[in-house]
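Engineer: Okay, so here is my_file16.tsv, and as you'll see once you scroll down, it has TSV, C-alpha atoms and all ligand atoms.
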```tsv
chain	number	residue	atom	x	y	z
P	42	GLU	CA	18.03	0.26	-8.48
P	43	PHE	CA	14.68	0.43	-10.24
P	44	ASP	CA	14.33	-3.17	-11.41
P	45	VAL	CA	11.20	-3.95	-9.44
P	46	SER	CA	8.91	-1.19	-10.42
P	47	ALA	CA	5.22	-0.69	-10.66
P	48	PRO	CA	5.04	2.41	-12.78
P	49	TRP	CA	1.66	2.98	-14.22
P	50	LEU	CA	-0.57	5.58	-15.57
P	51	ASN	CA	-4.06	4.62	-14.78
P	52	ARG	CA	-7.54	5.64	-15.34
P	53	VAL	CA	-9.39	3.02	-13.42
P	54	ILE	CA	-13.09	2.72	-13.54
P	55	GLU	CA	-14.55	0.76	-10.69
P	56	ARG	CA	-18.24	0.05	-10.93
P	57	LYS	CA	-20.25	0.89	-7.87
P	58	GLY	CA	-23.90	0.10	-8.54
P	59	LYS	CA	-24.74	1.68	-11.87
P	60	GLN	CA	-22.35	4.56	-11.53
P	61	SER	CA	-18.81	4.71	-12.75
P	62	VAL	CA	-16.30	5.88	-10.22
P	63	LYS	CA	-12.90	6.98	-11.26
P	64	ALA	CA	-11.15	5.38	-8.31
P	65	VAL	CA	-7.62	6.14	-9.40
P	66	ASP	CA	-6.61	8.73	-11.93
P	67	ASP	CA	-3.22	9.21	-13.52
P	68	VAL	CA	-1.26	7.72	-10.67
P	69	THR	CA	2.31	6.82	-11.50
P	70	LEU	CA	4.43	5.00	-8.98
P	71	GLU	CA	7.86	3.55	-9.12
P	72	ILE	CA	8.77	1.31	-6.26
P	73	ARG	CA	12.41	0.63	-5.67
P	74	LYS	CA	13.67	-2.88	-5.00
P	75	GLY	CA	14.17	-3.72	-1.34
P	76	LYS	CA	12.41	-0.54	-0.21
P	77	THR	CA	9.05	0.37	1.22
P	78	PHE	CA	6.76	2.73	-0.62
P	79	ALA	CA	3.80	3.80	1.50
P	80	LEU	CA	0.54	5.12	0.19
P	81	VAL	CA	-1.46	7.24	2.61
P	82	GLY	CA	-4.84	8.84	2.36
P	83	GLU	CA	-8.28	8.90	3.90
P	84	SER	CA	-10.80	6.18	3.14
P	85	GLY	CA	-12.09	6.70	-0.39
P	86	SER	CA	-8.71	7.98	-1.60
P	87	GLY	CA	-8.14	4.91	-3.79
P	88	LYS	CA	-5.45	3.22	-1.68
P	89	SER	CA	-7.01	-0.21	-1.70
P	90	THR	CA	-7.88	0.00	-5.39
P	91	ILE	CA	-4.23	0.60	-6.14
P	92	ALA	CA	-3.20	-2.27	-3.87
P	93	ARG	CA	-5.56	-4.65	-5.64
P	94	MET	CA	-4.44	-3.47	-9.07
P	95	VAL	CA	-0.79	-3.96	-8.28
P	96	VAL	CA	-1.30	-7.61	-7.35
P	97	GLY	CA	-3.58	-8.20	-10.32
P	98	LEU	CA	-6.96	-8.45	-8.57
P	99	ILE	CA	-8.42	-5.47	-10.45
P	100	GLU	CA	-7.61	-4.69	-14.06
P	101	PRO	CA	-6.85	-1.07	-14.86
P	102	THR	CA	-9.08	0.30	-17.63
P	103	LYS	CA	-6.15	2.28	-18.90
P	104	GLY	CA	-2.45	2.19	-18.16
P	105	ALA	CA	-0.27	-0.66	-16.99
P	106	VAL	CA	1.10	-2.38	-13.96
P	107	LYS	CA	4.63	-3.45	-14.74
P	108	PHE	CA	6.88	-5.72	-12.80
P	109	ASP	CA	10.43	-5.99	-14.09
P	110	ASP	CA	9.10	-4.26	-17.22
P	111	VAL	CA	6.49	-6.94	-17.92
P	112	ASP	CA	2.86	-5.78	-17.97
P	113	ILE	CA	1.00	-8.11	-15.59
P	114	TRP	CA	-2.18	-7.81	-17.66
P	115	ASP	CA	-0.52	-8.57	-20.97
P	116	ALA	CA	-2.45	-11.57	-22.30
P	117	ALA	CA	0.21	-12.21	-24.96
P	118	ASN	CA	2.62	-12.89	-22.15
P	119	LYS	CA	0.56	-15.43	-20.18
P	120	ARG	CA	3.35	-17.81	-19.21
P	121	GLN	CA	5.64	-15.04	-18.09
P	122	VAL	CA	2.78	-13.40	-16.19
P	123	GLY	CA	1.99	-16.63	-14.32
P	124	GLU	CA	5.60	-16.80	-13.17
P	125	LEU	CA	5.50	-13.12	-12.25
P	126	ARG	CA	2.46	-13.59	-10.05
P	127	ARG	CA	4.39	-16.02	-7.87
P	128	ARG	CA	6.77	-13.20	-7.16
P	129	PHE	CA	4.24	-10.89	-5.59
P	130	GLN	CA	1.89	-11.40	-2.72
P	131	MET	CA	-0.60	-9.46	-0.67
P	132	ILE	CA	-1.14	-9.22	3.08
P	133	PHE	CA	-4.58	-7.99	4.04
P	134	GLN	CA	-5.91	-5.89	6.86
P	135	ASP	CA	-8.01	-8.50	8.57
P	136	PRO	CA	-6.13	-11.63	9.63
P	137	TYR	CA	-9.41	-13.04	10.96
P	138	ALA	CA	-11.15	-12.96	7.59
P	139	SER	CA	-8.25	-14.10	5.45
P	140	LEU	CA	-7.62	-17.53	7.02
P	141	ASN	CA	-9.93	-20.48	6.38
P	142	PRO	CA	-11.19	-21.43	9.88
P	143	ARG	CA	-11.60	-25.10	8.93
P	144	TRP	CA	-8.00	-25.58	7.83
P	145	ARG	CA	-5.07	-26.37	10.07
P	146	VAL	CA	-2.29	-23.82	9.97
P	147	ARG	CA	0.08	-26.23	8.25
P	148	ASP	CA	-2.42	-26.76	5.41
P	149	ILE	CA	-2.92	-23.00	5.06
P	150	VAL	CA	0.81	-22.41	4.74
P	151	ALA	CA	1.32	-25.51	2.59
P	152	GLU	CA	-1.24	-24.55	-0.06
P	153	PRO	CA	0.96	-22.14	-2.05
P	154	LEU	CA	3.88	-24.58	-1.73
P	155	LYS	CA	1.79	-27.20	-3.52
P	156	THR	CA	0.24	-24.79	-6.02
P	157	TYR	CA	3.63	-23.55	-7.18
P	158	GLY	CA	5.40	-26.89	-6.85
P	159	ILE	CA	7.89	-25.47	-4.36
P	160	ALA	CA	7.63	-28.56	-2.18
P	161	THR	CA	5.98	-31.81	-3.30
P	162	THR	CA	6.57	-34.74	-0.95
P	163	SER	CA	4.92	-34.51	2.46
P	164	ALA	CA	8.32	-34.59	4.16
P	165	GLU	CA	9.43	-31.57	2.10
P	166	ILE	CA	6.17	-29.77	2.75
P	167	ASN	CA	6.34	-30.34	6.51
P	168	LYS	CA	9.91	-29.15	6.64
P	169	GLU	CA	9.15	-26.02	4.64
P	170	VAL	CA	6.01	-25.21	6.67
P	171	GLY	CA	8.03	-25.58	9.88
P	172	ARG	CA	10.71	-23.27	8.51
P	173	LEU	CA	8.13	-20.65	7.47
P	174	LEU	CA	6.46	-20.73	10.89
P	175	GLU	CA	9.84	-20.19	12.52
P	176	VAL	CA	10.59	-17.31	10.15
P	177	VAL	CA	7.51	-15.50	11.49
P	178	LYS	CA	8.43	-16.44	15.10
P	179	LEU	CA	5.82	-19.13	15.56
P	180	SER	CA	6.65	-22.69	16.45
P	181	PRO	CA	6.53	-25.60	13.96
P	182	GLU	CA	4.18	-27.33	16.42
P	183	ASP	CA	1.65	-24.56	15.81
P	184	GLY	CA	1.01	-26.15	12.42
P	185	ILE	CA	-1.47	-28.65	13.83
P	186	LYS	CA	-3.68	-25.93	15.34
P	187	TYR	CA	-6.57	-24.05	13.78
P	188	PRO	CA	-6.70	-20.26	13.23
P	189	HIS	CA	-9.17	-19.66	16.11
P	190	GLN	CA	-6.55	-20.91	18.57
P	191	PHE	CA	-4.39	-17.86	17.84
P	192	SER	CA	-4.52	-14.17	18.73
P	193	GLY	CA	-4.91	-11.47	16.07
P	194	GLY	CA	-1.18	-10.80	15.94
P	195	GLN	CA	-0.37	-14.51	15.66
P	196	ARG	CA	-2.92	-14.85	12.88
P	197	GLN	CA	-1.23	-12.04	10.97
P	198	ARG	CA	2.04	-13.98	11.41
P	199	ILE	CA	0.34	-16.99	9.83
P	200	CYS	CA	-0.79	-14.79	6.91
P	201	ILE	CA	2.76	-13.55	6.51
P	202	ALA	CA	4.13	-17.12	6.58
P	203	ARG	CA	1.64	-18.07	3.86
P	204	ALA	CA	2.61	-14.99	1.82
P	205	LEU	CA	6.30	-15.91	2.13
P	206	ALA	CA	5.73	-19.53	1.02
P	207	ASN	CA	5.96	-18.46	-2.64
P	208	ARG	CA	9.30	-16.80	-1.99
P	209	PRO	CA	7.90	-13.52	-3.26
P	210	GLU	CA	9.99	-10.42	-3.94
P	211	PHE	CA	7.25	-7.88	-3.68
P	212	ILE	CA	4.50	-7.73	-1.05
P	213	VAL	CA	1.55	-5.39	-1.02
P	214	CYS	CA	0.52	-4.78	2.58
P	215	ASP	CA	-2.96	-3.31	2.88
P	216	GLU	CA	-3.30	-1.84	6.38
P	217	PRO	CA	-1.60	-4.96	7.79
P	218	THR	CA	-1.75	-3.87	11.43
P	219	SER	CA	-4.80	-1.62	11.66
P	220	ALA	CA	-7.03	-4.42	12.98
P	221	LEU	CA	-4.54	-5.20	15.78
P	222	ASP	CA	-3.98	-3.82	19.28
P	223	VAL	CA	-1.38	-1.07	19.41
P	224	SER	CA	1.07	-3.19	21.44
P	225	VAL	CA	0.84	-6.00	18.88
P	226	GLN	CA	1.14	-3.60	15.92
P	227	ALA	CA	4.74	-2.77	16.75
P	228	GLN	CA	5.71	-6.45	16.90
P	229	ILE	CA	4.24	-7.13	13.47
P	230	LEU	CA	5.84	-4.00	11.97
P	231	ASN	CA	9.21	-5.00	13.40
P	232	LEU	CA	8.80	-8.51	12.03
P	233	MET	CA	8.00	-7.06	8.60
P	234	ARG	CA	11.09	-4.87	8.71
P	235	ASP	CA	13.27	-7.81	9.71
P	236	LEU	CA	11.84	-9.95	6.92
P	237	GLN	CA	12.46	-7.15	4.46
P	238	ASP	CA	16.14	-7.07	5.41
P	239	GLU	CA	16.49	-10.84	5.53
P	240	PHE	CA	14.83	-11.58	2.18
P	241	GLY	CA	15.34	-8.31	0.33
P	242	LEU	CA	11.57	-7.78	0.09
P	243	THR	CA	9.98	-4.78	-1.55
P	244	TYR	CA	6.83	-3.46	0.09
P	245	LEU	CA	3.96	-1.36	-1.09
P	246	PHE	CA	2.54	-0.37	2.26
P	247	ILE	CA	-0.99	1.00	2.42
P	248	SER	CA	-1.99	2.86	5.55
P	249	HIS	CA	-3.93	5.76	6.94
P	250	ASN	CA	-1.72	5.82	10.04
P	251	LEU	CA	1.02	8.42	9.59
P	252	ALA	CA	3.06	7.26	12.57
P	253	VAL	CA	3.17	3.74	11.11
P	254	VAL	CA	4.10	5.12	7.71
P	255	ASN	CA	6.86	7.21	9.24
P	256	TYR	CA	8.27	4.08	10.86
P	257	MET	CA	8.04	1.84	7.81
P	258	ALA	CA	8.45	3.84	4.64
P	259	ASP	CA	11.41	4.90	2.53
P	260	GLU	CA	9.06	6.91	0.37
P	261	VAL	CA	5.51	8.11	0.87
P	262	GLY	CA	2.84	8.94	-1.68
P	263	VAL	CA	-0.13	10.96	-0.45
P	264	LEU	CA	-3.37	10.13	-2.24
P	265	TYR	CA	-6.40	12.34	-2.43
P	266	LEU	CA	-9.52	11.24	-4.32
P	267	GLY	CA	-7.56	8.85	-6.50
P	268	ARG	CA	-4.79	11.28	-7.41
P	269	LEU	CA	-1.34	11.65	-5.97
P	270	ALA	CA	-0.87	14.96	-4.19
P	271	GLU	CA	2.74	14.56	-3.09
P	272	ILE	CA	5.60	12.04	-3.00
P	273	ALA	CA	8.56	12.39	-0.63
P	274	PRO	CA	10.68	10.47	1.86
P	275	PRO	CA	8.88	10.47	5.24
P	276	ARG	CA	11.47	12.65	6.97
P	277	VAL	CA	11.06	15.31	4.32
P	278	LEU	CA	7.31	14.98	4.29
P	279	PHE	CA	6.94	15.29	8.04
P	280	GLU	CA	9.34	18.22	8.28
P	281	ARG	CA	8.24	20.26	5.31
P	282	ALA	CA	5.20	18.94	3.52
P	283	ARG	CA	4.35	21.20	0.61
P	284	HIS	CA	0.87	20.19	-0.44
P	285	PRO	CA	-1.92	21.79	1.65
P	286	TYR	CA	-3.68	18.41	1.90
P	287	THR	CA	-0.55	16.70	3.24
P	288	ARG	CA	-0.10	19.51	5.73
P	289	SER	CA	-3.64	19.27	6.98
P	290	LEU	CA	-3.33	15.47	7.29
P	291	LEU	CA	-0.24	15.94	9.44
P	292	ASP	CA	-1.99	18.61	11.46
P	293	SER	CA	-4.79	16.17	12.30
P	294	VAL	CA	-2.35	13.84	14.09
P	295	PRO	CA	-2.09	14.98	17.71
P	296	ASP	CA	1.30	13.44	18.58
P	297	MET	CA	3.08	14.19	15.31
P	298	GLU	CA	6.06	16.45	15.86
P	299	MET	CA	5.39	19.73	14.15
P	300	THR	CA	7.81	22.49	13.33
P	301	GLY	CA	6.23	25.33	15.22
P	302	ARG	CA	3.74	26.45	12.63
P	303	GLU	CA	0.04	26.86	13.15
P	304	ARG	CA	-2.12	23.77	12.84
P	305	HIS	CA	-4.83	23.58	10.20
P	306	PRO	CA	-6.34	20.10	10.54
P	307	VAL	CA	-8.25	18.97	7.47
P	308	LYS	CA	-11.86	20.15	7.58
P	309	GLY	CA	-14.91	18.84	5.82
P	310	GLU	CA	-15.70	15.47	4.32
P	311	ILE	CA	-13.82	13.86	1.48
P	312	PRO	CA	-16.07	14.60	-1.56
P	313	ASN	CA	-18.01	11.88	-3.33
P	314	PRO	CA	-15.68	10.24	-5.89
P	315	ILE	CA	-18.68	9.87	-8.24
P	316	SER	CA	-18.65	13.61	-8.86
P	317	PRO	CA	-15.18	14.84	-7.92
P	318	PRO	CA	-14.64	18.61	-7.76
P	319	SER	CA	-13.30	20.31	-10.89
P	320	GLY	CA	-9.66	21.34	-11.18
P	321	CYS	CA	-7.75	20.43	-8.05
P	322	ALA	CA	-10.01	17.94	-6.26
P	323	PHE	CA	-8.88	19.38	-2.92
P	324	HIS	CA	-10.01	22.93	-3.73
P	325	PRO	CA	-13.29	22.92	-1.72
P	326	ARG	CA	-11.27	22.14	1.44
P	327	CYS	CA	-8.15	24.17	0.64
P	328	PRO	CA	-7.52	27.56	2.30
P	329	PHE	CA	-5.24	28.53	-0.63
P	330	ALA	CA	-7.65	27.77	-3.48
P	331	ASN	CA	-7.98	30.32	-6.29
P	332	ASP	CA	-9.70	30.39	-9.70
P	333	ARG	CA	-6.97	28.43	-11.41
P	334	CYS	CA	-7.32	25.72	-8.73
P	335	ARG	CA	-11.03	25.44	-9.47
P	336	ARG	CA	-10.39	25.15	-13.24
P	337	GLU	CA	-7.17	23.29	-13.84
P	338	VAL	CA	-5.96	19.92	-12.57
P	339	PRO	CA	-2.48	20.42	-11.05
P	340	LEU	CA	0.24	18.08	-12.37
P	341	MET	CA	2.99	16.40	-10.38
P	342	LYS	CA	6.19	18.46	-10.49
P	343	ALA	CA	9.54	17.87	-8.81
P	344	GLN	CA	10.51	20.65	-6.46
P	345	ASP	CA	13.12	20.69	-3.64
P	346	GLY	CA	13.30	16.91	-3.16
P	347	VAL	CA	9.55	16.34	-3.26
P	348	VAL	CA	7.15	15.76	-6.09
P	349	VAL	CA	4.02	17.77	-5.61
P	350	ALA	CA	0.83	18.55	-7.54
P	351	CYS	CA	-0.31	22.00	-6.43
P	352	HIS	CA	-0.73	25.30	-8.27
P	353	GLY	CA	-0.11	27.27	-5.10
P	354	VAL	CA	3.26	25.58	-4.52
P	355	GLU	CA	4.21	25.98	-8.17
P	356	GLU	CA	3.29	29.67	-8.06
P	357	GLY	CA	5.37	30.09	-4.90
P	358	ARG	CA	2.47	31.37	-2.82
P	359	ILE	CA	2.47	28.41	-0.39
P	401	LIG	FE1	-5.02	24.20	-2.79
P	401	LIG	FE2	-4.92	25.04	-5.31
P	401	LIG	FE3	-2.91	23.61	-4.32
P	401	LIG	FE4	-5.25	22.47	-4.82
P	401	LIG	S1	-3.88	23.35	-6.32
P	401	LIG	S2	-4.03	22.20	-3.00
P	401	LIG	S3	-6.66	24.09	-4.26
P	401	LIG	S4	-3.56	25.64	-3.67
P	402	MG	MG	13.13	-0.53	5.23
```
Translate this file's structure into structure tokens.
Structural biologist:
Amino acid sequence: EFDVSAPWLNRVIERKGKQSVKAVDDVTLEIRKGKTFALVGESGSGKSTIARMVVGLIEPTKGAVKFDDVDIWDAANKRQVGELRRRFQMIFQDPYASLNPRWRVRDIVAEPLKTYGIATTSAEINKEVGRLLEVVKLSPEDGIKYPHQFSGGQRQRICIARALANRPEFIVCDEPTSALDVSVQAQILNLMRDLQDEFGLTYLFISHNLAVVNYMADEVGVLYLGRLAEIAPPRVLFERARHPYTRSLLDSVPDMEMTGRERHPVKGEIPNPISPPSGCAFHPRCPFANDRCRREVPLMKAQDGVVVACHGVEEGRI
């Protein structure tokens, strides 16, 4: 069940100006084949850094990103890594920015087919492009058009068709619907779910939208300032989140069904990642913080079907 996994222990240093920012710290994820693992968190939580590391756009300064047990940054394994990279793809937030406006749709979708030698003759390429456009519920005739002739939702379909051209197994989706109208969002999410079933795709789904995560995910990891606070299936998370940060995130969503307890929406700004708070990074915003919280970084521990990093939970006082 765990053959596509991205388990990693990272200490990633991303340079912002002259300062070093620890964007992601000791995050370990295992993503199960054919399932959707969602990462949620506010902006600045490290979601996009993780997304870009998983697909090999950013190199971790420590730790590994493994796919079928092969480290994607292992230089000694170049040939194997090249083949691996075909098997994962990324879908970005902004379908407007990620399509070359001067290319026809068929050339956009055909590019990975040529790069990876999946189709070579023009007859093969045309046939495959037509099939991919149909897979994302566009018409093969749309291939002759340019990106500006499509709506935002249709453009995201084109991005998905291009991502599928490589026949990937694993797709990192970085806020794939947050630039779209709400009515269009649902269509794209449904398409992604259908494609997952049809092709056995595994998704790492990055989002700040908890309703979307609830709809899409088999498992959810909550990120705060580059560290995982909690991992649980969405049903469990939404019914009985343990971590105070997760709870306050849920409390900030007006239409999220709550189980009768008092709401404590998250207050205050997310601290500057350049100088993260000592101990538990959430302590300045946490109503349950004590001295230990200010001193000691809490570690992830399995408890009642969730994995949670919180001293208060561990001590049984939350
Ligand atoms: Fe709050 Fe302490 Fe738990 Fe951090 S470790 S979330 S400060 S109780
Ligand atoms: Mg699913």
Engineer: Grab the CA of Glu280 in chain P to CA of Arg335 in chain P distance for me, in Å with one decimal place.
Structural biologist: 28.0 Å
Engineer: Calculate how many Å separate CA of Val338 in chain P from CA of Glu355 in chain P, rounding to one decimal.
Structural biologist: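 CA of Val338 in chain P sits 12.6 Å away from CA of Glu355 in chain P.
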Engineer: Each residue of chain P lying at most 6 Å from ligand MG 402 (chain P) should get a row with its shortest atom-to-atom pair and the distance in Å to one decimal, counting all atoms listed in the file; could you produce that, ordered by chain and increasing number, as a tab-separated table?
Structural biologist:
```
residue	atom	partner	partner_atom	distance
P:Lys76	CA	P:MG402	MG	5.5
P:Thr77	CA	P:MG402	MG	5.8
P:Arg234	CA	P:MG402	MG	5.9
```
Engineer: Quick one: distance from CA of Ser86 in chain P to CA of Thr287 in chain P in Å, one decimal?
Structural biologist: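 According to the coordinates, CA of Ser86 in chain P and CA of Thr287 in chain P are separated by 12.9 Å.
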Engineer: Smallest atom-to-atom distance to Gly171 in chain P: which of P:Arg203, P:Val253, P:Gln195, P:Gln190, using only C-alpha atoms?
Structural biologist: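 Answer, going by the shortest atom-to-atom distance: P:Arg203.
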Engineer: Given all atoms listed in the file as the basis, pick out the residue of P:Ala252, P:Leu221, P:Ala330, P:Ile272 nearest to ligand LIG 401 (chain P).
Structural biologist: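 So, comparing all the options, the nearest one is P:Ala330.
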Engineer: Counting only C-alpha atoms, what is within 9 Å of Asp183 in chain P, bar same-chain residues fewer than 3 positions away, as a list of chain:residue names?
Structural biologist: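 In the requested form, the answer reads P:Val146, P:Arg147, P:Gly171, P:Leu174, P:Leu179, P:Ser180, P:Lys186, P:Tyr187.
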Engineer: Pick out the closest residue to Pro217 in chain P from this set: P:Leu140, P:Val111, P:Ala164, P:Met131. Count all atoms listed in the file.
Structural biologist: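 Between P:Leu140, P:Val111, P:Ala164, P:Met131, the residue approaching Pro217 in chain P most closely is P:Met131.
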Engineer: Measuring atom to atom with only C-alpha atoms, identify which of P:Val354, P:Ile99, P:Ala220, P:Gly75 is nearest to Gly241 in chain P.
Structural biologist: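 Of P:Val354, P:Ile99, P:Ala220, P:Gly75, the one nearest Gly241 in chain P, counting only C-alpha atoms, is P:Gly75.
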Engineer: Step by step, measure atom-to-atom distances between ligand LIG 401 (chain P) and each residue using all atoms listed in the file, keep those at most 12 Å, then write them as a ChimeraX atom specification.
Structural biologist: /P:265,268-271,282-289,307,318-342,349-359
Engineer: P:Val261, P:Ala206, P:Ala138, P:Ala227: which is nearest Gly158 in chain P, counting all atoms listed in the file?
Structural biologist: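 Between P:Val261, P:Ala206, P:Ala138, P:Ala227, the residue approaching Gly158 in chain P most closely is P:Ala206.
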Engineer: Applying 10 Å and all atoms listed in the file, which residues near Val254 in chain P remain after dropping the ones on its own chain fewer than 5 positions away? List them as a PyMOL selection string.
Structural biologist: chain P and resi 77-81+246-249+259-261+275
